[in-house]
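Quick notes on the structure that follows.
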Amino acid sequence: MQRRAVPAVLAAAALLLTAGCSSDEGAPQEKDAAASSAAAAPSSPSGKAEETPPAKGSVTVVREVATGLASPWGLAPVGDGDLLVSSRDEATITRIDGKTGKKTELGEVPGVAPDGEGGLLGIALSPDFASDHMIYAYFTSASDNRIVRMLYNERKPAGEQLGAPDTVLRGIPKGVVHNGGRIAFGPDRMLYAGTGESGDTGLSQDKQSLGGKILRITPDGEPAPGNPFPDSPVYSYGHRNVQGLAWDGEQRLFASEFGQNTWDELNAIAPGDNYGWPEAEGHADEGGFHNPIAQWSTEDASPSGIAYAEGSVWMAGLRGERLWRIPLKGTEASAKPQAFLEGEYGRLRTVVAAGGDRLWLVTSNTDGRGDPTPEDDRVLELRVE
């Protein structure tokens with residue numbers, strides 16, 4: 001593979017149990033060109049004129065921050081240049097020194113039951129992390145997917161720095177596949193979670209179920225004020241398997257999700273809207289579903305994490321083994337999506353904004369579906385435009 005020939009300067013398995021699964025797990029499909037479909041573009045929430053980014057961008061790998069990670073999934077910048085990374089299969093959280101790449105294990109999260117696509121998935125820091133030192137985590141237990149929070153005490157010995165988990169939200173459906181798992185605090189200081197329908201497609205349209213949704217809750221786990229459905233954490237529905245969450249400079253939410261056999265999606269999220277699954281996959285001309293901003297053939301994407309930087313959404317691809325740039329004008333794609341790093345680092349799991357024109361990128365070759373090199377898995381620092 002091309003990625004085995006990365007220049008030295010940069011060096012500083014579960015089988016599917018359901019047929020017709022997402023592009024990350026399913027059989028190869030006929031390759032279709034990336035296509036975009038416009039969602040209605042609201043005016044800027046701030047009322048300011050928005051600049052449209054250039055149609056073409058660029059990506060430069062600045063350095064390898066760390067190597068030798070096992071099944072990394074979630075990443076959270078600590079704020080001093082260091083990073084926290086979760087391991088799906090080992091159920092541990094590790095701190096990476098942003099300068100040296102040194103890894104220090106905080107500890108193992110109790111109650112995690114790794115299986116297939118499940119395990120310790122997304123992590124996020126409390127909006128008040130500087131004072132409360134709380135780490136939030138989404139994980140698969142023996143009975144469900146749930147969100148917990150843990151006190152982080154770095155004064156304790158390595159391996160013993162995580163406090164006992166306090167369950168914030170339980171009862172998210174679990175499966176060998178389609179567990180969702182991305183969590184992030186929004187500009188409103190509420191916690192958002194992307195969930196999957198766990199292989200039961202009917203859950204996505206059931207507003208009483210937490211599966212196949214984007215959820216919005218308070219830091220204590222209650223339905224957030226202003227949610228579209230009374231006394232419910234459900235923020236949007238009709239999703240198959242939400243894997244990425246990010247906000248632009250105008251506080252608009254975007255999400256990526258796996259399709260089944262035809263189209264993977266990037267969506268602009270509006271509260272209360274129905275995104276179509278299982279009645280629609282990709283753009284639909286009828287049914288009243290919210291259409292995606294952009295869609296990809298399943299072999300070109302398998303989208304996981306997303307981040308917003310320099311006027312574009314940047315989307316990590318697992319099966320597609322590439323980083324996609326989607327330039328935006330409001331909630332529409334302003335130009336055709338552009339691919340970078342194709343095949344150079346294998347499967348790409350998580351991308352996180354690092355400020356300005358920088359991104360953190362996490363590979364995913366040790367998850368049982370990749371072709372790992374001795375350096376995998378790794379965290380990269382990118383410069384983008």
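Here's how to read the names in the structure tokens: chain A, B, ... by the order shown, residue numbers from 1 in each chain, ligand numbers from 1 in the order shown.
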
Report task. Quick one: everything within 12 Å of A:Pro337, counting only C-alpha atoms, minus sequence neighbours fewer than 2 positions away in the same chain. Send it as a ChimeraX atom specification. Result -> /A:33-37,54-57,265-266,293-296,300-301,312-315,322-328,332-335,339-340

Query raised in the report: stretch 70-87 of chain A: which residues within 6 Å, counting only C-alpha atoms, same-chain residues fewer than 6 positions away excluded, as a PyMOL selection string?
Result: chain A and resi 93-98+121-124+366-367

Which polymer residues have any atom within 6 Å of an atom of stretch 135-142 of chain A, counting only C-alpha atoms, with same-chain residues fewer than 3 positions away left out, as a CSV table (one decimal) with N, CA, C and O atoms, in the first residue's frame?
```csv
chain,number,residue,atom,x,y,z
A,111,GLY,N,-16.8,-1.4,33.1
A,111,GLY,CA,-18.2,-1.6,32.5
A,111,GLY,C,-18.2,-1.7,31.0
A,111,GLY,O,-19.3,-1.9,30.4
A,112,VAL,N,-17.1,-1.4,30.3
A,112,VAL,CA,-17.1,-1.5,28.8
A,112,VAL,C,-17.1,-2.9,28.4
A,112,VAL,O,-16.3,-3.8,29.0
A,113,ALA,N,-17.9,-3.3,27.4
A,113,ALA,CA,-17.9,-4.6,26.8
A,113,ALA,C,-17.7,-4.6,25.3
A,113,ALA,O,-18.6,-4.5,24.6
A,118,GLY,N,-18.6,-2.1,18.8
A,118,GLY,CA,-18.9,-1.5,20.2
A,118,GLY,C,-17.6,-1.5,21.0
A,118,GLY,O,-16.7,-2.2,20.8
A,119,GLY,N,-17.6,-0.7,22.1
A,119,GLY,CA,-16.5,-0.6,23.0
A,119,GLY,C,-16.5,0.8,23.6
A,119,GLY,O,-17.5,1.5,23.7
A,120,LEU,N,-15.3,1.2,24.0
A,120,LEU,CA,-15.1,2.6,24.4
A,120,LEU,C,-15.0,3.5,23.2
A,120,LEU,O,-14.0,3.4,22.4
A,121,LEU,N,-15.9,4.4,23.0
A,121,LEU,CA,-16.0,5.1,21.7
A,121,LEU,C,-15.6,6.6,21.9
A,121,LEU,O,-14.5,6.9,22.3
A,122,GLY,N,-16.6,7.5,21.8
A,122,GLY,CA,-16.2,8.9,21.8
A,122,GLY,C,-16.0,9.4,23.2
A,122,GLY,O,-16.5,8.9,24.2
A,123,ILE,N,-15.1,10.4,23.3
A,123,ILE,CA,-14.9,11.1,24.6
A,123,ILE,C,-15.0,12.6,24.4
A,123,ILE,O,-14.8,13.1,23.3
A,124,ALA,N,-15.3,13.3,25.4
A,124,ALA,CA,-15.4,14.8,25.4
A,124,ALA,C,-15.1,15.3,26.8
A,124,ALA,O,-15.3,14.7,27.8
A,125,LEU,N,-14.5,16.5,26.8
A,125,LEU,CA,-14.3,17.2,28.1
A,125,LEU,C,-15.4,18.1,28.5
A,125,LEU,O,-16.0,18.8,27.6
A,145,ASN,N,-25.7,1.0,25.1
A,145,ASN,CA,-24.7,2.0,25.0
A,145,ASN,C,-25.1,3.1,25.9
A,145,ASN,O,-26.3,3.4,26.1
A,146,ARG,N,-24.1,3.7,26.6
A,146,ARG,CA,-24.4,4.7,27.6
A,146,ARG,C,-23.3,5.8,27.6
A,146,ARG,O,-22.3,5.6,27.0
A,147,ILE,N,-23.7,6.9,28.2
A,147,ILE,CA,-22.7,8.0,28.4
A,147,ILE,C,-22.5,8.2,29.9
A,147,ILE,O,-23.4,8.2,30.7
A,148,VAL,N,-21.2,8.2,30.2
A,148,VAL,CA,-20.8,8.4,31.6
A,148,VAL,C,-19.8,9.6,31.7
A,148,VAL,O,-19.3,10.1,30.7
A,149,ARG,N,-19.6,10.0,32.9
A,149,ARG,CA,-18.5,11.0,33.2
A,149,ARG,C,-17.7,10.5,34.4
A,149,ARG,O,-18.1,9.8,35.3
A,150,MET,N,-16.4,10.9,34.3
A,150,MET,CA,-15.4,10.4,35.3
A,150,MET,C,-14.5,11.6,35.7
A,150,MET,O,-14.1,12.4,34.8
A,181,GLY,N,-21.7,6.7,18.6
A,181,GLY,CA,-20.6,6.8,19.6
A,181,GLY,C,-19.9,8.2,19.7
A,181,GLY,O,-19.2,8.4,20.6
```

Report task. Output as a ChimeraX atom specification all residues of stretch 197-365 of chain A that backbone DSSP marks as strand (DSSP E). Result -> /A:213-217,234-237,242-247,253-257,263-268,294-297,303-309,312-317,323-329,332-333,338-340,348-353,358-363

Query - Test item: residues at most 8 Å from A:Gln243, only C-alpha atoms, excluding those fewer than 5 positions along its chain, as number ranges by chain - result: A: 180-182, 194-195, 255-258, 303-305

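Interatomic distance, atom CA of A:Ala49 to atom CA of A:Asp273: 26.0 Å.
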
**Report entry** 8 Å contact set for stretch 214-231 of chain A, only C-alpha atoms, chain neighbours under 5 positions out, as a PyMOL selection string
**Finding:** chain A and resi 126+168-169+189-195+236-237+239+242+271-272

Selection file, C-alpha atoms, as an mmCIF file, in the first residue's frame:
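Listed below is the output, out-v8.cif:
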```cif
data_model
loop_
_atom_site.group_PDB
_atom_site.id
_atom_site.type_symbol
_atom_site.label_atom_id
_atom_site.label_comp_id
_atom_site.auth_asym_id
_atom_site.auth_seq_id
_atom_site.Cartn_x
_atom_site.Cartn_y
_atom_site.Cartn_z
ATOM 1 C CA SER A 126 -16.680 19.076 30.300
ATOM 2 C CA VAL A 168 -25.280 10.381 32.619
ATOM 3 C CA LEU A 169 -27.521 8.624 30.073
ATOM 4 C CA ARG A 189 -22.665 23.965 26.449
ATOM 5 C CA MET A 190 -25.090 21.089 25.902
ATOM 6 C CA LEU A 191 -23.856 17.555 25.179
ATOM 7 C CA TYR A 192 -24.676 16.102 21.757
ATOM 8 C CA ALA A 193 -24.440 12.386 20.947
ATOM 9 C CA GLY A 194 -24.667 10.560 17.629
ATOM 10 C CA THR A 195 -26.286 7.131 17.932
ATOM 11 C CA SER A 236 -33.029 14.869 15.141
ATOM 12 C CA TYR A 237 -34.058 11.443 13.888
ATOM 13 C CA HIS A 239 -30.375 8.486 11.076
ATOM 14 C CA VAL A 242 -24.096 8.957 13.138
ATOM 15 C CA PRO A 271 -33.789 20.408 15.348
ATOM 16 C CA GLY A 272 -36.721 18.054 14.902
#
```

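Distances from A:Gly330, A:Gly116, A:Pro374, A:Gly368 to A:Val176 were compared using only C-alpha atoms, and the smallest one belongs to A:Gly116.
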
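The space separating atom CA of A:Trp277 from atom CA of A:Ser204 comes to 6.4 Å.
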
Could you tell me, as a PDB file with C-alpha atoms, in the first residue's frame, which residues of stretch 110-346 of chain A DSSP assigns to helix (DSSP H, G or I) when given the backbone?
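As written to disk, selection-v5.pdb reads:
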```pdb
ATOM      1  CA  PHE A 129     -12.942  20.954  32.557  1.00  0.00           C
ATOM      2  CA  ALA A 130     -10.401  23.439  33.918  1.00  0.00           C
ATOM      3  CA  SER A 131     -12.281  23.469  37.217  1.00  0.00           C
ATOM      4  CA  ASP A 132     -14.275  20.212  37.395  1.00  0.00           C
ATOM      5  CA  THR A 201     -33.812  -0.099  11.133  1.00  0.00           C
ATOM      6  CA  GLY A 202     -37.199   0.576  12.684  1.00  0.00           C
ATOM      7  CA  LEU A 203     -35.638   2.411  15.613  1.00  0.00           C
ATOM      8  CA  SER A 204     -34.547   5.361  13.460  1.00  0.00           C
ATOM      9  CA  GLN A 205     -38.113   6.575  12.837  1.00  0.00           C
ATOM     10  CA  THR A 298     -20.096   3.840   0.067  1.00  0.00           C
ATOM     11  CA  GLU A 299     -16.661   2.634  -1.041  1.00  0.00           C
ATOM     12  CA  ASP A 300     -15.358   6.209  -1.241  1.00  0.00           C
TER      13      ASP A 300
END
```

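Residues within 8 Å of A:Thr60, counting only C-alpha atoms and excluding same-chain residues fewer than 3 positions away, are Leu382, Arg383 and Val384 of chain A.
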
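Note that the spacing between atom CA of A:Ala246 and atom CA of A:Val352 amounts to 8.8 Å.
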